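Everything below belongs to upload.txt, which stores compact mmCIF, C-alpha atoms.
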```
# COMPACT_ATOMS: atom_id res chain seq x y z
CA ALA A 1 -59.41 24.37 10.46
CA ARG A 2 -57.87 21.36 12.16
CA GLY A 3 -56.34 18.22 10.77
CA PRO A 4 -57.23 14.64 11.72
CA LEU A 5 -54.89 14.76 14.74
CA GLY A 6 -56.49 17.93 16.06
CA ARG A 7 -53.57 20.10 15.03
CA GLU A 8 -54.08 23.42 13.32
CA ARG A 9 -53.36 23.55 9.64
CA GLY A 10 -53.26 26.33 7.10
CA PRO A 11 -52.03 29.84 7.95
CA GLY A 12 -52.30 29.19 11.68
CA MET A 13 -49.42 26.71 11.61
CA ALA A 14 -47.00 29.48 10.65
CA ASN A 15 -48.01 31.37 13.80
CA ALA A 16 -47.82 28.45 16.24
CA THR A 17 -45.08 28.19 18.83
CA ASP A 18 -42.46 25.50 18.36
CA PRO A 19 -43.70 22.36 20.17
CA LEU A 20 -40.24 21.90 21.70
CA ALA A 21 -40.16 25.44 23.11
CA ARG A 22 -40.11 25.76 26.88
CA SER A 23 -42.56 27.94 28.74
CA VAL A 24 -41.26 31.35 29.81
CA HIS A 25 -42.43 32.89 33.08
CA GLY A 26 -45.03 30.12 33.26
CA GLN A 27 -46.67 30.84 29.90
CA ASN A 28 -46.34 30.45 26.15
CA PRO A 29 -43.36 32.59 25.02
CA GLN A 30 -45.46 34.34 22.36
CA ASN A 31 -47.88 35.50 25.05
CA LEU A 32 -45.21 37.91 26.27
CA VAL A 33 -46.39 40.04 23.35
CA GLU A 34 -49.94 41.33 23.83
CA ASN A 35 -52.56 39.63 21.70
CA ILE A 36 -53.52 42.76 19.74
CA LEU A 37 -49.89 43.36 18.83
CA ARG A 38 -49.43 39.71 17.83
CA GLN A 39 -52.39 39.94 15.47
CA LYS A 40 -50.94 43.06 13.87
CA ILE A 41 -47.65 41.23 13.36
CA TYR A 42 -49.40 38.19 11.86
CA GLU A 43 -51.04 40.48 9.30
CA GLN A 44 -47.79 42.12 8.22
CA PRO A 45 -46.56 41.18 4.71
CA TYR A 46 -43.02 41.11 6.12
CA TRP A 47 -44.09 38.40 8.59
CA LYS A 48 -45.74 36.31 5.91
CA ASP A 49 -43.03 36.67 3.26
CA GLN A 50 -39.72 37.10 5.09
CA CYS A 51 -40.32 35.43 8.46
CA PHE A 52 -41.99 32.26 7.19
CA ALA A 53 -40.09 29.05 8.08
CA LEU A 54 -37.19 30.93 9.63
CA THR A 55 -34.84 28.95 11.86
CA ALA A 56 -32.28 30.07 14.42
CA GLU A 57 -29.61 30.02 11.69
CA THR A 58 -31.55 31.76 8.91
CA LEU A 59 -32.95 34.40 11.24
CA VAL A 60 -29.47 35.94 11.39
CA GLU A 61 -29.82 37.00 7.75
CA ARG A 62 -32.93 39.02 8.60
CA ALA A 63 -31.38 40.46 11.77
CA VAL A 64 -28.41 41.99 9.96
CA GLU A 65 -30.80 43.70 7.53
CA LEU A 66 -32.51 45.73 10.26
CA ARG A 67 -32.16 49.49 9.95
CA CYS A 68 -34.16 50.70 12.98
CA VAL A 69 -35.77 49.61 16.24
CA GLY A 70 -39.26 50.26 17.53
CA GLY A 71 -42.67 48.82 18.31
CA THR A 72 -45.58 50.08 16.21
CA PHE A 73 -46.03 53.21 14.13
CA GLY A 74 -48.48 55.07 11.92
CA GLY A 75 -52.23 55.62 12.11
CA THR A 76 -52.99 51.89 11.91
CA ARG A 77 -50.14 51.05 14.31
CA LYS A 78 -48.20 48.76 12.02
CA ALA A 79 -45.56 46.59 13.61
CA THR A 80 -41.93 47.23 12.74
CA ARG A 81 -39.64 44.59 11.30
CA PHE A 82 -37.73 44.66 14.56
CA MET A 83 -40.88 43.60 16.43
CA CYS A 84 -41.64 40.90 13.85
CA LEU A 85 -38.24 39.32 14.46
CA VAL A 86 -38.70 39.57 18.22
CA LEU A 87 -41.92 37.56 17.94
CA LYS A 88 -40.23 35.06 15.62
CA MET A 89 -37.48 34.50 18.21
CA LEU A 90 -40.15 33.92 20.86
CA GLN A 91 -41.80 31.46 18.51
CA ILE A 92 -38.76 29.34 17.64
CA GLN A 93 -36.86 29.94 20.93
CA PRO A 94 -33.21 29.81 19.77
CA GLU A 95 -30.50 28.40 21.99
CA THR A 96 -29.03 30.64 24.66
CA GLU A 97 -25.58 30.59 23.06
CA ILE A 98 -27.03 31.91 19.81
CA VAL A 99 -28.75 34.77 21.66
CA LEU A 100 -25.54 35.61 23.51
CA GLU A 101 -23.68 35.67 20.22
CA TYR A 102 -26.18 38.26 18.97
CA ILE A 103 -25.28 40.39 21.99
CA ARG A 104 -21.51 39.88 21.93
CA GLN A 105 -20.91 40.62 18.27
CA GLU A 106 -20.14 44.27 17.49
CA ASP A 107 -20.57 44.45 13.72
CA TYR A 108 -24.37 44.82 13.58
CA LYS A 109 -25.82 47.15 16.19
CA TYR A 110 -29.48 46.41 15.43
CA ALA A 111 -28.89 42.66 15.67
CA ARG A 112 -27.24 43.30 19.03
CA LEU A 113 -30.30 45.19 20.27
CA LEU A 114 -32.54 42.40 18.95
CA GLY A 115 -30.70 39.83 21.04
CA ALA A 116 -30.64 42.14 24.06
CA PHE A 117 -34.40 42.77 23.92
CA TYR A 118 -35.15 39.06 23.53
CA LEU A 119 -32.98 38.25 26.54
CA ARG A 120 -34.74 40.98 28.51
CA LEU A 121 -38.06 39.21 27.81
CA VAL A 122 -37.09 35.60 28.51
CA GLY A 123 -33.91 35.74 30.63
CA ARG A 124 -33.45 35.42 34.35
CA PRO A 125 -32.63 38.63 36.23
CA PRO A 126 -28.96 37.78 36.97
CA GLU A 127 -28.39 36.87 33.31
CA ILE A 128 -30.05 40.08 32.14
CA TYR A 129 -27.76 42.26 34.23
CA GLN A 130 -24.70 40.16 33.42
CA TYR A 131 -25.02 40.34 29.64
CA LEU A 132 -26.78 43.67 29.10
CA GLU A 133 -24.70 45.92 31.38
CA PRO A 134 -21.57 45.61 29.17
CA LEU A 135 -23.59 47.25 26.40
CA TYR A 136 -23.39 50.51 28.34
CA ASN A 137 -20.02 50.90 26.58
CA ASP A 138 -21.67 50.92 23.14
CA TYR A 139 -22.28 54.56 22.18
CA ARG A 140 -23.21 54.02 18.53
CA ARG A 141 -26.19 55.90 17.19
CA VAL A 142 -29.33 54.01 16.19
CA ARG A 143 -32.67 55.02 14.71
CA GLU A 144 -35.87 54.45 16.67
CA VAL A 145 -39.31 54.57 15.08
CA LEU A 146 -41.76 56.78 16.97
CA PRO A 147 -45.52 56.11 17.13
CA ASP A 148 -46.22 58.89 14.61
CA GLY A 149 -43.98 57.20 12.05
CA SER A 150 -41.05 59.60 12.39
CA TYR A 151 -37.55 58.65 13.48
CA ARG A 152 -35.35 59.87 16.26
CA LEU A 153 -31.68 59.29 16.87
CA THR A 154 -30.69 57.55 20.06
CA HIS A 155 -27.79 55.38 21.18
CA VAL A 156 -27.33 51.73 22.00
CA ASP A 157 -26.54 52.41 25.63
CA GLU A 158 -29.69 54.54 26.00
CA VAL A 159 -31.89 51.77 24.61
CA VAL A 160 -30.28 49.21 26.92
CA HIS A 161 -30.74 51.52 29.89
CA ALA A 162 -34.44 51.83 29.05
CA MET A 163 -34.70 48.03 28.96
CA LEU A 164 -33.18 47.76 32.44
CA SER A 165 -35.01 50.65 34.06
CA GLN A 166 -38.46 50.84 32.44
CA ASP A 167 -41.50 48.58 32.60
CA TYR A 168 -42.70 49.26 29.05
CA LYS A 169 -40.60 49.34 25.90
CA PHE A 170 -41.43 48.96 22.21
CA ASP A 171 -45.14 48.60 23.00
CA ILE A 172 -44.48 45.53 25.18
CA ALA A 173 -44.94 45.25 28.93
CA LEU A 174 -41.58 43.96 30.15
CA PRO A 175 -41.38 41.24 32.82
CA ARG A 176 -40.62 42.57 36.27
CA LEU A 177 -36.90 43.00 36.91
CA PRO A 178 -35.64 43.27 40.52
CA LEU A 179 -33.27 46.08 41.40
CA ARG A 180 -29.62 45.33 41.07
CA LYS A 181 -28.87 46.05 44.73
CA THR A 182 -31.52 43.51 45.69
CA LEU A 183 -29.77 40.81 43.67
CA GLU A 184 -26.42 41.89 45.12
CA GLY A 185 -27.80 41.58 48.65
CA ALA A 186 -29.12 38.09 47.87
CA GLY A 187 -25.74 37.03 46.48
CA PHE A 188 -26.86 36.54 42.87
CA LEU A 189 -24.64 39.34 41.54
CA LYS A 190 -21.27 40.75 42.45
CA PRO A 191 -21.04 44.48 43.24
CA TRP A 192 -21.08 46.50 40.08
CA LYS A 193 -17.78 47.92 38.85
CA SER A 194 -17.63 50.65 36.28
CA PRO A 195 -15.95 49.64 33.01
CA LEU A 196 -14.17 53.00 33.18
CA MET A 197 -12.49 52.12 36.50
CA GLN A 198 -9.38 50.70 34.82
CA GLU A 199 -9.01 53.82 32.70
CA TYR A 200 -9.50 56.02 35.78
CA LEU A 201 -6.86 54.11 37.75
CA ALA A 202 -4.42 54.31 34.82
CA ARG A 203 -4.86 58.08 34.56
CA HIS A 204 -4.51 58.41 38.33
CA GLU A 205 -1.17 56.58 38.23
CA GLU A 206 -0.02 58.78 35.33
CA GLU A 207 -0.92 61.90 37.32
CA LYS A 208 1.01 60.64 40.35
CA ALA A 209 4.05 59.88 38.17
CA ARG A 210 3.84 63.34 36.57
CA LYS A 211 3.74 65.09 39.97
CA ALA A 212 6.66 62.98 41.23
CA ALA A 213 8.68 63.93 38.13
CA GLN A 214 7.91 67.62 38.68
CA GLN A 215 9.02 67.41 42.31
CA GLN A 216 12.22 65.66 41.25
CA LEU A 217 12.84 68.38 38.65
CA ARG A 218 12.36 71.12 41.25
CA ALA A 219 14.76 69.38 43.62
CA THR A 220 17.35 69.14 40.84
CA GLU A 221 16.94 72.83 39.99
CA ARG A 222 17.34 73.80 43.66
CA ALA A 223 20.49 71.73 43.88
CA THR A 224 21.87 73.33 40.70
CA THR A 225 21.01 76.97 41.48
CA GLY A 226 21.68 76.74 45.22
CA THR A 227 18.17 77.69 46.24
CA GLY A 228 17.19 76.68 49.75
CA ALA A 229 14.61 74.08 50.59
CA GLU A 230 11.91 76.67 51.07
CA GLY A 231 12.79 78.76 48.03
CA GLN A 232 15.06 81.16 50.05
CA PRO A 233 18.53 82.18 48.75
CA ALA A 234 21.31 80.01 50.12
CA GLU A 235 24.36 81.28 51.94
CA GLY A 236 26.48 83.62 49.82
CA ASP A 237 23.67 84.56 47.42
CA THR A 238 23.23 88.31 46.90
CA ILE A 239 19.89 90.05 47.12
CA ARG A 240 18.71 93.52 46.13
CA TYR A 241 19.85 96.07 48.71
CA VAL A 242 17.24 98.50 50.05
CA PRO A 243 18.60 100.99 52.66
CA SER A 244 16.73 101.26 55.94
CA ARG A 245 15.20 104.52 57.16
CA LEU A 246 18.12 105.38 59.44
CA GLU A 247 20.60 104.62 56.65
CA ARG A 248 18.68 106.82 54.22
CA GLU A 249 18.77 109.69 56.72
CA ALA A 250 22.52 109.25 57.18
CA MET A 251 23.16 109.00 53.41
CA GLY A 252 21.03 111.99 52.48
CA PRO A 253 18.06 112.11 50.10
CA ALA A 254 20.03 112.07 46.85
CA ALA A 255 22.36 109.21 47.80
CA ALA A 256 19.50 107.17 49.28
CA ALA A 257 17.37 107.56 46.12
CA ALA A 258 20.33 106.54 43.96
CA ALA A 259 21.00 103.49 46.13
CA VAL A 260 17.37 102.33 45.97
CA ALA A 261 17.11 102.88 42.20
CA ALA A 262 20.37 101.10 41.37
CA GLY A 263 19.83 98.19 43.75
CA LYS A 264 23.35 98.74 44.92
CA LYS A 265 24.96 96.21 47.20
CA GLY A 266 25.81 97.30 50.67
CA PRO A 267 26.16 95.90 54.11
CA GLY A 268 23.53 93.26 54.65
CA SER A 269 23.06 92.49 50.93
CA SER A 270 23.95 88.88 51.62
CA LYS A 271 23.45 86.51 54.44
CA ARG A 272 27.14 86.72 55.35
CA GLY A 273 27.02 90.53 55.32
CA ARG A 274 23.99 90.59 57.58
CA GLU A 275 25.73 88.25 60.02
CA GLU A 276 28.83 90.48 60.06
CA ARG A 277 26.75 93.62 60.69
CA GLU A 278 24.80 91.90 63.47
CA ALA A 279 28.08 90.77 65.06
CA ALA A 280 29.53 94.31 64.85
CA THR A 281 26.40 95.80 66.37
CA ALA A 282 26.49 93.28 69.20
CA THR A 283 30.06 94.31 70.16
CA GLN A 284 29.19 98.02 70.35
CA GLU A 285 28.34 99.54 73.71
CA PRO A 286 24.72 100.61 74.09
CA PRO A 287 24.23 104.43 74.05
CA SER A 288 23.93 106.14 77.44
CA ALA A 289 20.80 107.90 78.64
CA ALA A 290 22.41 111.31 78.05
CA ASP A 291 23.23 110.43 74.45
CA GLU A 292 19.66 109.23 73.82
CA ILE A 293 18.26 112.46 75.31
CA ALA A 294 20.62 114.52 73.16
CA GLN A 295 19.54 112.71 69.99
CA ALA A 296 15.89 113.13 70.92
CA ASN A 297 16.33 116.87 71.65
CA ALA A 298 18.04 117.34 68.27
CA LEU A 299 15.08 115.74 66.55
CA ARG A 300 12.60 117.79 68.62
CA ALA A 301 14.46 120.99 67.75
CA LYS A 302 14.02 120.22 64.04
CA LEU A 303 10.30 119.74 64.66
CA GLY A 304 9.99 122.96 66.68
CA LEU A 305 9.27 121.22 70.02
CA LYS A 306 10.64 122.01 73.45
CA PRO A 307 13.73 120.03 74.46
CA LEU A 308 13.55 117.31 77.08
CA LYS A 309 15.09 117.92 80.51
CA PRO A 310 17.86 115.55 81.56
```

Re-express the file's structure as structure tokens.
Amino acid sequence: ARGPLGRERGPGMANATDPLARSVHGQNPQNLVENILRQKIYEQPYWKDQCFALTAETLVERAVELRCVGGTFGGTRKATRFMCLVLKMLQIQPETEIVLEYIRQEDYKYARLLGAFYLRLVGRPPEIYQYLEPLYNDYRRVREVLPDGSYRLTHVDEVVHAMLSQDYKFDIALPRLPLRKTLEGAGFLKPWKSPLMQEYLARHEEEKARKAAQQQLRATERATTGTGAEGQPAEGDTIRYVPSRLEREAMGPAAAAAAVAAGKKGPGSSKRGREEREAATATQEPPSAADEIAQANALRAKLGLKPLKP
């Protein structure tokens, strides 16, 4: 039925779009929701009782009462309260600052998703990325109604990611959203920076400081204990003495075994001792050919071999 001025009256007035509302994507804002879904919402008792005559201010009271998100559910595909409020926001078209306040506040997670989904429907692509990407840091759990009427647990950041990456969400075909790199190439968006970058840089600086402190500690220990730069004993430090093969032969089996077992100090057990032995060896005359042959023949005699001829 229509009144004398040609305007609809009766129940249809409650479903009409605000005359002062601007068109969105070249059409009536309510037309972003498919007609069959709109009719289901109009038939919901929640729409008729709780959403009647709501304004941008009073709608907040209904938004904070939400306990789940979703599109339709059940055998008759009833619309959820979340979807009823989405259509009401399209109908009354609240101011942008009010919608952004829905998104910025952190006390009510379902109200935040309500504002985010509304902005995804009516916002411009740069605004959508600008205000929805910070919600990737919200890891709170939320309940989502499935088409069969059951619930599943998801998270705020997962729902937001679905809004930015999918073409269909909550039984609504979402307006086309260009890729982020396309908007970056056109100069509409700055290159994306991870919110975790500051935390990563802080941990990186802490790790560098920790390694520098460890190196300083090692340098202090080397200076205190006299250890060389490469971990070698400094001059004057003693080391475990192990006799050489020739020394073991000269000492005899018993004395050599005792020297190895006890780690007894001897010539060459320190850097200074090794230098003294090398200096003494350098001053000695090299053995003559006759002496070398005699030593070799003595060894060959022990082995039962024929002696060498001079």

So that I can see what lies close to Tyr110 in chain A, please list as number ranges by chain the residues with an atom at most 10 Å from it, counting all atoms listed in the file and leaving out residues fewer than 6 positions away in the same chain. A: 63-69, 82, 102-103, 116, 142-143, 156

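For Ser165 in chain A, the non-local neighbours within 12 Å, defined as residues at least 6 positions apart in the same chain or in other chains and counting all atoms listed in the file, are Arg120, Ile128, Tyr129, Leu132, Glu133, Glu158, Val159, Leu174, Pro175, Arg176, Leu177, Pro178, Leu179 and Arg180 of chain A.
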
Calculated over all atoms listed in the file, which of the candidates A:Glu57, A:Tyr108, A:Thr154, A:His25 has the smallest distance to Pro125 in chain A? A:His25

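When the distance limit is 12 Å and only C-alpha atoms are what count, the residues near Lys309 in chain A, minus those fewer than 6 positions from it on the same chain, are Ala289, Ala290, Glu292, Ile293, Ala294, Ala296 and Asn297 of chain A.
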
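Nearest to Asp157 in chain A of all the residues A:Gln214, A:Asn137, A:Ser288, A:Asn35 is A:Asn137, based on only C-alpha atoms.
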
All residues 12 Å or closer to Met83 in chain A, only C-alpha atoms, same chain fewer than 5 positions away omitted, as a CSV table (one decimal) with C-alpha atoms, in the frame of the given file:
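File produced: out-v7.csv:
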```
chain,number,residue,atom,x,y,z
A,30,GLN,CA,-45.5,34.3,22.4
A,33,VAL,CA,-46.4,40.0,23.4
A,34,GLU,CA,-49.9,41.3,23.8
A,37,LEU,CA,-49.9,43.4,18.8
A,38,ARG,CA,-49.4,39.7,17.8
A,40,LYS,CA,-50.9,43.1,13.9
A,41,ILE,CA,-47.6,41.2,13.4
A,42,TYR,CA,-49.4,38.2,11.9
A,44,GLN,CA,-47.8,42.1,8.2
A,46,TYR,CA,-43.0,41.1,6.1
A,47,TRP,CA,-44.1,38.4,8.6
A,51,CYS,CA,-40.3,35.4,8.5
A,63,ALA,CA,-31.4,40.5,11.8
A,66,LEU,CA,-32.5,45.7,10.3
A,68,CYS,CA,-34.2,50.7,13.0
A,69,VAL,CA,-35.8,49.6,16.2
A,70,GLY,CA,-39.3,50.3,17.5
A,71,GLY,CA,-42.7,48.8,18.3
A,72,THR,CA,-45.6,50.1,16.2
A,73,PHE,CA,-46.0,53.2,14.1
A,78,LYS,CA,-48.2,48.8,12.0
A,88,LYS,CA,-40.2,35.1,15.6
A,89,MET,CA,-37.5,34.5,18.2
A,90,LEU,CA,-40.2,33.9,20.9
A,110,TYR,CA,-29.5,46.4,15.4
A,113,LEU,CA,-30.3,45.2,20.3
A,114,LEU,CA,-32.5,42.4,19.0
A,115,GLY,CA,-30.7,39.8,21.0
A,117,PHE,CA,-34.4,42.8,23.9
A,118,TYR,CA,-35.2,39.1,23.5
A,144,GLU,CA,-35.9,54.4,16.7
A,145,VAL,CA,-39.3,54.6,15.1
A,169,LYS,CA,-40.6,49.3,25.9
A,170,PHE,CA,-41.4,49.0,22.2
A,171,ASP,CA,-45.1,48.6,23.0
A,172,ILE,CA,-44.5,45.5,25.2
```
